[in-house]
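Heads up, the thing below is written out as structure tokens.
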Amino acid sequence: MPEALSVAQRRAITQRRSGGHLAPRARMLVVAALLMCAASAGADRLLSFTVTSGSIAGVNTAEINADGMVVMRLRSTNGNGLAAKAEKVAARLTDLALEGLKPEQVAVSQLRGEWTVTGAGTLIITADEQTAAASGLPPNALCESWRARVVQVLTEPYVCIDPLKLLVVPYGEQRAIRFGGTVAAKPRVESMAKAIATIERKDGRAVVRGAGAGTTVVVVEFGDLQHAITVEVKKWAAQIGASAVLSALPGGVPEPMTMPALLNAALSAVRPEPRAIVRLAELVPTASGYTVSVRAGGIEYLPVAKNLPVTVRGGPAAIPTPQSLLISNAPEKVDGIGALMRQSLAPNVPARVMWHHKNYAGRPIVLAVRVVNAGDEPARVRLGWAQAGPDGDEIFVGYNAMVRYWESVRRGAGFLAIVPPRCAFETSAVLIDHHDVVSGLMDLIADSGEHLYVEVVSRDPEDEPSGFDEVPGAGNELPVTPYEFPAALDAEVNYEVGGRYGHLSIGREDVQNEQGIALAGAYGISHRVRVNASNPTEQPAVLELALRAGGGVARSVTMVAGALNCSGNLGAGNEQILERRDLPPGVAVTIPLEIIPTAGSNLPFTLVVRSRTR
């Protein structure tokens, strides 16, 4: 049973009620003492039913306790549902005690062939065959033992209070403290901090309203009996709307964009409190999109969970051809946590981001790409990405990332992301082990907003972002890295049948940007080539376009006249045939092709244009 309130606590409460004043520290000590002690002067008259779980000789048990004794002990060989059953019985006993249940109203009887214990005609518990067998008593004898102990805790005049120790009240909402029993005194209820919790008395209960976030104590008195209940007033972690919309680009939203895209769309319908964490727990496809389970929580908040319908709609145009290339590869070997690249996004200027990194941190890390809005207005950014890894083979990773980029992003895949002011949103995120490699490419364009950035970071796996992350203490301008380059280079190769072969070197020369930084190999730059070939002879010819590896093992991904051509591993001097077509006498053709050197491969490549006569 709870201990009595101390003399000092009573004096402090009396002084408060009589208009006396306590120093702030004294008030804090009184509140702290009350928080540590749920108390009553007449300890034998405060009745509460609680449940504890355990085992005896390997048999699972759930005990219903009151007045310092075990009122009922339930046993089960498997324990399934045992605690829940005990909680239900304790709740029934609490409800009956609040109504003033008397000893003579507790009875044992049969109901539909099973032995039961009832209180004032209301079912308390049934001794089913499994419960009786586990106890080793016949059902009627088990019920009689239960009845005897219930009667024992009801013999003295008592007060029942629910909840007994802690009441959590959402800010701005109401919750009730119920009280009753067989004590004749009228109850008195008082909040020790009305700025946190206010009280409205009603029959058999006190309605507690959360007036301000914080912790206080509500004191319930029945005559000389005093009992303190801790009241915590908390805000919900977030307010979640009825629905959300995901705006998809014409190519749709494939993996691995689905979860980040849905999270971004769902966050538009969520108003989280500061420092609250928002997660998507699971998603279910529907005819119009998805239903996602949104969960929000935080240390100082009440958790929220809600199933949110997200409709997937088209609308935004595909991202235009990138004009700038943003590279994250220096250092290629990541040995710690922090930002690896940050570049600004000029409004309405499409950009391509390419990243390729190895984990040399000695432990798993996450490599992530974030869109950062350091401005004062919401930003709208169209984006789409493809990634590969983690894997130890960097040529394999870089090649797969490029193939996926061509097959998804370059075909218009992506979505419209909304990023609030002074916030960052994480898009691609890959967990990589020591010595593994990850690679990726992203296209994006800022349709609205100012002071926008894209950054590549390595972070601890435990530091998963909470939806939108605040940009701490940053002004509108953030420092950037000097890794912006042109996104495309244009070239032509002219060739006549019977003449010398046409050649174009790709990746042999470094590309320098305005800051004087060299991009070796021209990785990530789109080489757009027009091959102009003619046959001035009188003999039919077969035109061939080949890509020859010149710097070591490499793989290529090339778009030739609208068709994707992917190579296997090419050693130095080996080549991949890109195109072979007939070229009749007197005919001239122009063949467009585009190649973006893949990360991890050895360069240069040489494009060779040649022919042979039939």
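Here's how to read the names in the structure tokens: chain A, B, ... by the order shown, residue numbers from 1 in each chain, ligand numbers from 1 in the order shown.
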
Can you pull out every residue within 10 Å of Val292 of chain A, counting only C-alpha atoms, but drop anything in the same chain fewer than 3 positions away, and send it as a list in words?
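Using only C-alpha atoms, the neighbours found are Met259, Leu262, Leu263, Ala266, Arg279, Leu280, Ala281, Glu282, Leu283, Val284, Pro285, Gly289, Arg295, Lys306, Asn307, Leu308, Pro309 and Val310 of chain A.
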
Near-segment 129-133 of chain A list (10 Å; only C-alpha atoms; drop same-chain fewer than 5 positions) as a JSON list (two decimals) with all heavy atoms, in the first residue's frame:
[["chain", "number", "residue", "atom", "x", "y", "z"],
["A", 73, "ARG", "N", -4.54, -15.59, -8.63],
["A", 73, "ARG", "CA", -3.36, -16.00, -9.38],
["A", 73, "ARG", "C", -3.83, -16.90, -10.52],
["A", 73, "ARG", "O", -4.41, -17.97, -10.29],
["A", 73, "ARG", "CB", -2.36, -16.74, -8.50],
["A", 73, "ARG", "CG", -1.12, -17.19, -9.28],
["A", 73, "ARG", "CD", -0.09, -17.87, -8.39],
["A", 73, "ARG", "NE", 0.55, -16.93, -7.48],
["A", 73, "ARG", "CZ", 0.51, -17.03, -6.16],
["A", 73, "ARG", "NH1", -0.20, -18.03, -5.60],
["A", 73, "ARG", "NH2", 1.12, -16.17, -5.38],
["A", 74, "LEU", "N", -3.58, -16.45, -11.72],
["A", 74, "LEU", "CA", -3.95, -17.22, -12.92],
["A", 74, "LEU", "C", -2.71, -17.94, -13.42],
["A", 74, "LEU", "O", -1.61, -17.38, -13.46],
["A", 74, "LEU", "CB", -4.50, -16.29, -14.00],
["A", 74, "LEU", "CG", -5.60, -15.30, -13.59],
["A", 74, "LEU", "CD1", -6.09, -14.53, -14.80],
["A", 74, "LEU", "CD2", -6.75, -16.02, -12.91],
["A", 75, "ARG", "N", -2.88, -19.20, -13.83],
["A", 75, "ARG", "CA", -1.77, -20.01, -14.31],
["A", 75, "ARG", "C", -2.08, -20.50, -15.72],
["A", 75, "ARG", "O", -3.24, -20.71, -16.08],
["A", 75, "ARG", "CB", -1.53, -21.21, -13.40],
["A", 75, "ARG", "CG", -1.04, -20.87, -11.99],
["A", 75, "ARG", "CD", -0.92, -22.15, -11.17],
["A", 75, "ARG", "NE", -0.29, -21.95, -9.87],
["A", 75, "ARG", "CZ", -0.94, -21.58, -8.78],
["A", 75, "ARG", "NH1", -2.27, -21.38, -8.84],
["A", 75, "ARG", "NH2", -0.30, -21.43, -7.65],
["A", 76, "SER", "N", -0.99, -20.71, -16.49],
["A", 76, "SER", "CA", -1.15, -21.25, -17.84],
["A", 76, "SER", "C", 0.15, -21.91, -18.25],
["A", 76, "SER", "O", 1.24, -21.42, -17.92],
["A", 76, "SER", "CB", -1.51, -20.16, -18.85],
["A", 76, "SER", "OG", -1.51, -20.66, -20.17],
["A", 77, "THR", "N", 0.05, -23.02, -18.97],
["A", 77, "THR", "CA", 1.26, -23.71, -19.41],
["A", 77, "THR", "C", 1.96, -22.98, -20.55],
["A", 77, "THR", "O", 3.17, -23.10, -20.72],
["A", 77, "THR", "CB", 0.90, -25.14, -19.88],
["A", 77, "THR", "OG1", -0.13, -25.05, -20.88],
["A", 77, "THR", "CG2", 0.43, -25.99, -18.71],
["A", 82, "LEU", "N", -2.42, -14.57, -21.06],
["A", 82, "LEU", "CA", -2.63, -14.63, -19.62],
["A", 82, "LEU", "C", -2.64, -13.23, -19.00],
["A", 82, "LEU", "O", -3.52, -12.89, -18.21],
["A", 82, "LEU", "CB", -1.54, -15.50, -18.98],
["A", 82, "LEU", "CG", -1.80, -15.97, -17.55],
["A", 82, "LEU", "CD1", -3.04, -16.85, -17.49],
["A", 82, "LEU", "CD2", -0.58, -16.72, -17.02],
["A", 114, "GLU", "N", -20.39, -23.02, -16.50],
["A", 114, "GLU", "CA", -19.06, -22.75, -15.99],
["A", 114, "GLU", "C", -19.15, -21.98, -14.68],
["A", 114, "GLU", "O", -20.05, -21.15, -14.48],
["A", 114, "GLU", "CB", -18.24, -21.92, -17.01],
["A", 114, "GLU", "CG", -17.87, -22.70, -18.26],
["A", 114, "GLU", "CD", -16.91, -21.92, -19.15],
["A", 114, "GLU", "OE1", -17.17, -20.73, -19.40],
["A", 114, "GLU", "OE2", -15.89, -22.52, -19.58],
["A", 115, "TRP", "N", -18.17, -22.25, -13.78],
["A", 115, "TRP", "CA", -18.16, -21.59, -12.48],
["A", 115, "TRP", "C", -17.56, -20.19, -12.62],
["A", 115, "TRP", "O", -16.54, -20.00, -13.27],
["A", 115, "TRP", "CB", -17.36, -22.42, -11.48],
["A", 115, "TRP", "CG", -18.11, -23.66, -11.06],
["A", 115, "TRP", "CD1", -17.99, -24.91, -11.58],
["A", 115, "TRP", "CD2", -19.12, -23.72, -10.05],
["A", 115, "TRP", "NE1", -18.85, -25.78, -10.96],
["A", 115, "TRP", "CE2", -19.56, -25.08, -10.00],
["A", 115, "TRP", "CE3", -19.68, -22.82, -9.17],
["A", 115, "TRP", "CZ2", -20.54, -25.51, -9.13],
["A", 115, "TRP", "CZ3", -20.66, -23.24, -8.29],
["A", 115, "TRP", "CH2", -21.08, -24.57, -8.27],
["A", 138, "PRO", "N", -10.57, -27.92, -8.42],
["A", 138, "PRO", "CA", -11.81, -27.95, -9.20],
["A", 138, "PRO", "C", -12.29, -26.52, -9.45],
["A", 138, "PRO", "O", -12.03, -25.61, -8.64],
["A", 138, "PRO", "CB", -12.78, -28.74, -8.32],
["A", 138, "PRO", "CG", -11.91, -29.46, -7.35],
["A", 138, "PRO", "CD", -10.71, -28.63, -7.14],
["A", 139, "PRO", "N", -13.02, -26.27, -10.54],
["A", 139, "PRO", "CA", -13.45, -24.90, -10.86],
["A", 139, "PRO", "C", -14.23, -24.23, -9.73],
["A", 139, "PRO", "O", -14.00, -23.05, -9.45],
["A", 139, "PRO", "CB", -14.32, -25.10, -12.10],
["A", 139, "PRO", "CG", -13.78, -26.34, -12.75],
["A", 139, "PRO", "CD", -13.37, -27.22, -11.61],
["A", 140, "ASN", "N", -15.15, -24.96, -9.06],
["A", 140, "ASN", "CA", -15.92, -24.30, -8.00],
["A", 140, "ASN", "C", -15.04, -23.94, -6.80],
["A", 140, "ASN", "O", -15.20, -22.88, -6.19],
["A", 140, "ASN", "CB", -17.10, -25.18, -7.58],
["A", 140, "ASN", "CG", -16.66, -26.52, -7.01],
["A", 140, "ASN", "OD1", -15.62, -27.05, -7.40],
["A", 140, "ASN", "ND2", -17.46, -27.07, -6.10],
["A", 141, "ALA", "N", -14.09, -24.83, -6.46],
["A", 141, "ALA", "CA", -13.19, -24.54, -5.34],
["A", 141, "ALA", "C", -12.27, -23.36, -5.67],
["A", 141, "ALA", "O", -11.97, -22.52, -4.80],
["A", 141, "ALA", "CB", -12.36, -25.77, -5.01],
["A", 142, "LEU", "N", -11.82, -23.28, -6.91],
["A", 142, "LEU", "CA", -10.97, -22.16, -7.32],
["A", 142, "LEU", "C", -11.74, -20.85, -7.20],
["A", 142, "LEU", "O", -11.22, -19.85, -6.69],
["A", 142, "LEU", "CB", -10.48, -22.39, -8.75],
["A", 142, "LEU", "CG", -9.58, -21.30, -9.34],
["A", 142, "LEU", "CD1", -8.31, -21.13, -8.50],
["A", 142, "LEU", "CD2", -9.22, -21.63, -10.80],
["A", 143, "CYS", "N", -13.01, -20.85, -7.64],
["A", 143, "CYS", "CA", -13.82, -19.65, -7.54],
["A", 143, "CYS", "C", -14.07, -19.25, -6.09],
["A", 143, "CYS", "O", -14.07, -18.07, -5.74],
["A", 143, "CYS", "CB", -15.15, -19.85, -8.27],
["A", 143, "CYS", "SG", -15.00, -19.80, -10.08]]

Based on DSSP run over this structure's backbone, return all residues of segment 72-312 of chain A in alpha helix (DSSP H), as a ChimeraX atom specification.
/A:82-98,129-135,139-153,258-267

Show me a table, sorted first by chain and then by increasing residue number, of the residues of segment 300-382 of chain A having an atom at most 10 Å from segment 231-237 of chain A, each with its shortest atom pair and the distance in Å to one decimal, counting only C-alpha atoms and written as a tab-separated table.
residue	atom	partner	partner_atom	distance
A:Glu300	CA	A:Lys234	CA	6.8
A:Tyr301	CA	A:Ala237	CA	5.0
A:Leu302	CA	A:Trp236	CA	4.6
A:Pro303	CA	A:Ala237	CA	5.7
A:Val304	CA	A:Ala237	CA	6.3
A:Ala305	CA	A:Ala237	CA	9.7

Determine, counting only C-alpha atoms, which protein, DNA and RNA residues have an atom within 10 Å of an atom of Val70 of chain A; residues of the same chain fewer than 3 positions away are not included. Present the result as a PyMOL selection string.
chain A and resi 49-52+63-67+73+146+149-150

Please identify all polymer residues within 12 Å of Pro486 of chain A, counting only C-alpha atoms, omitting same-chain residues fewer than 3 positions from it, and present them as a VMD selection string.
chain A and resid 321 to 327 350 to 353 483 489 to 490 511 to 514 518 to 519 522 to 527
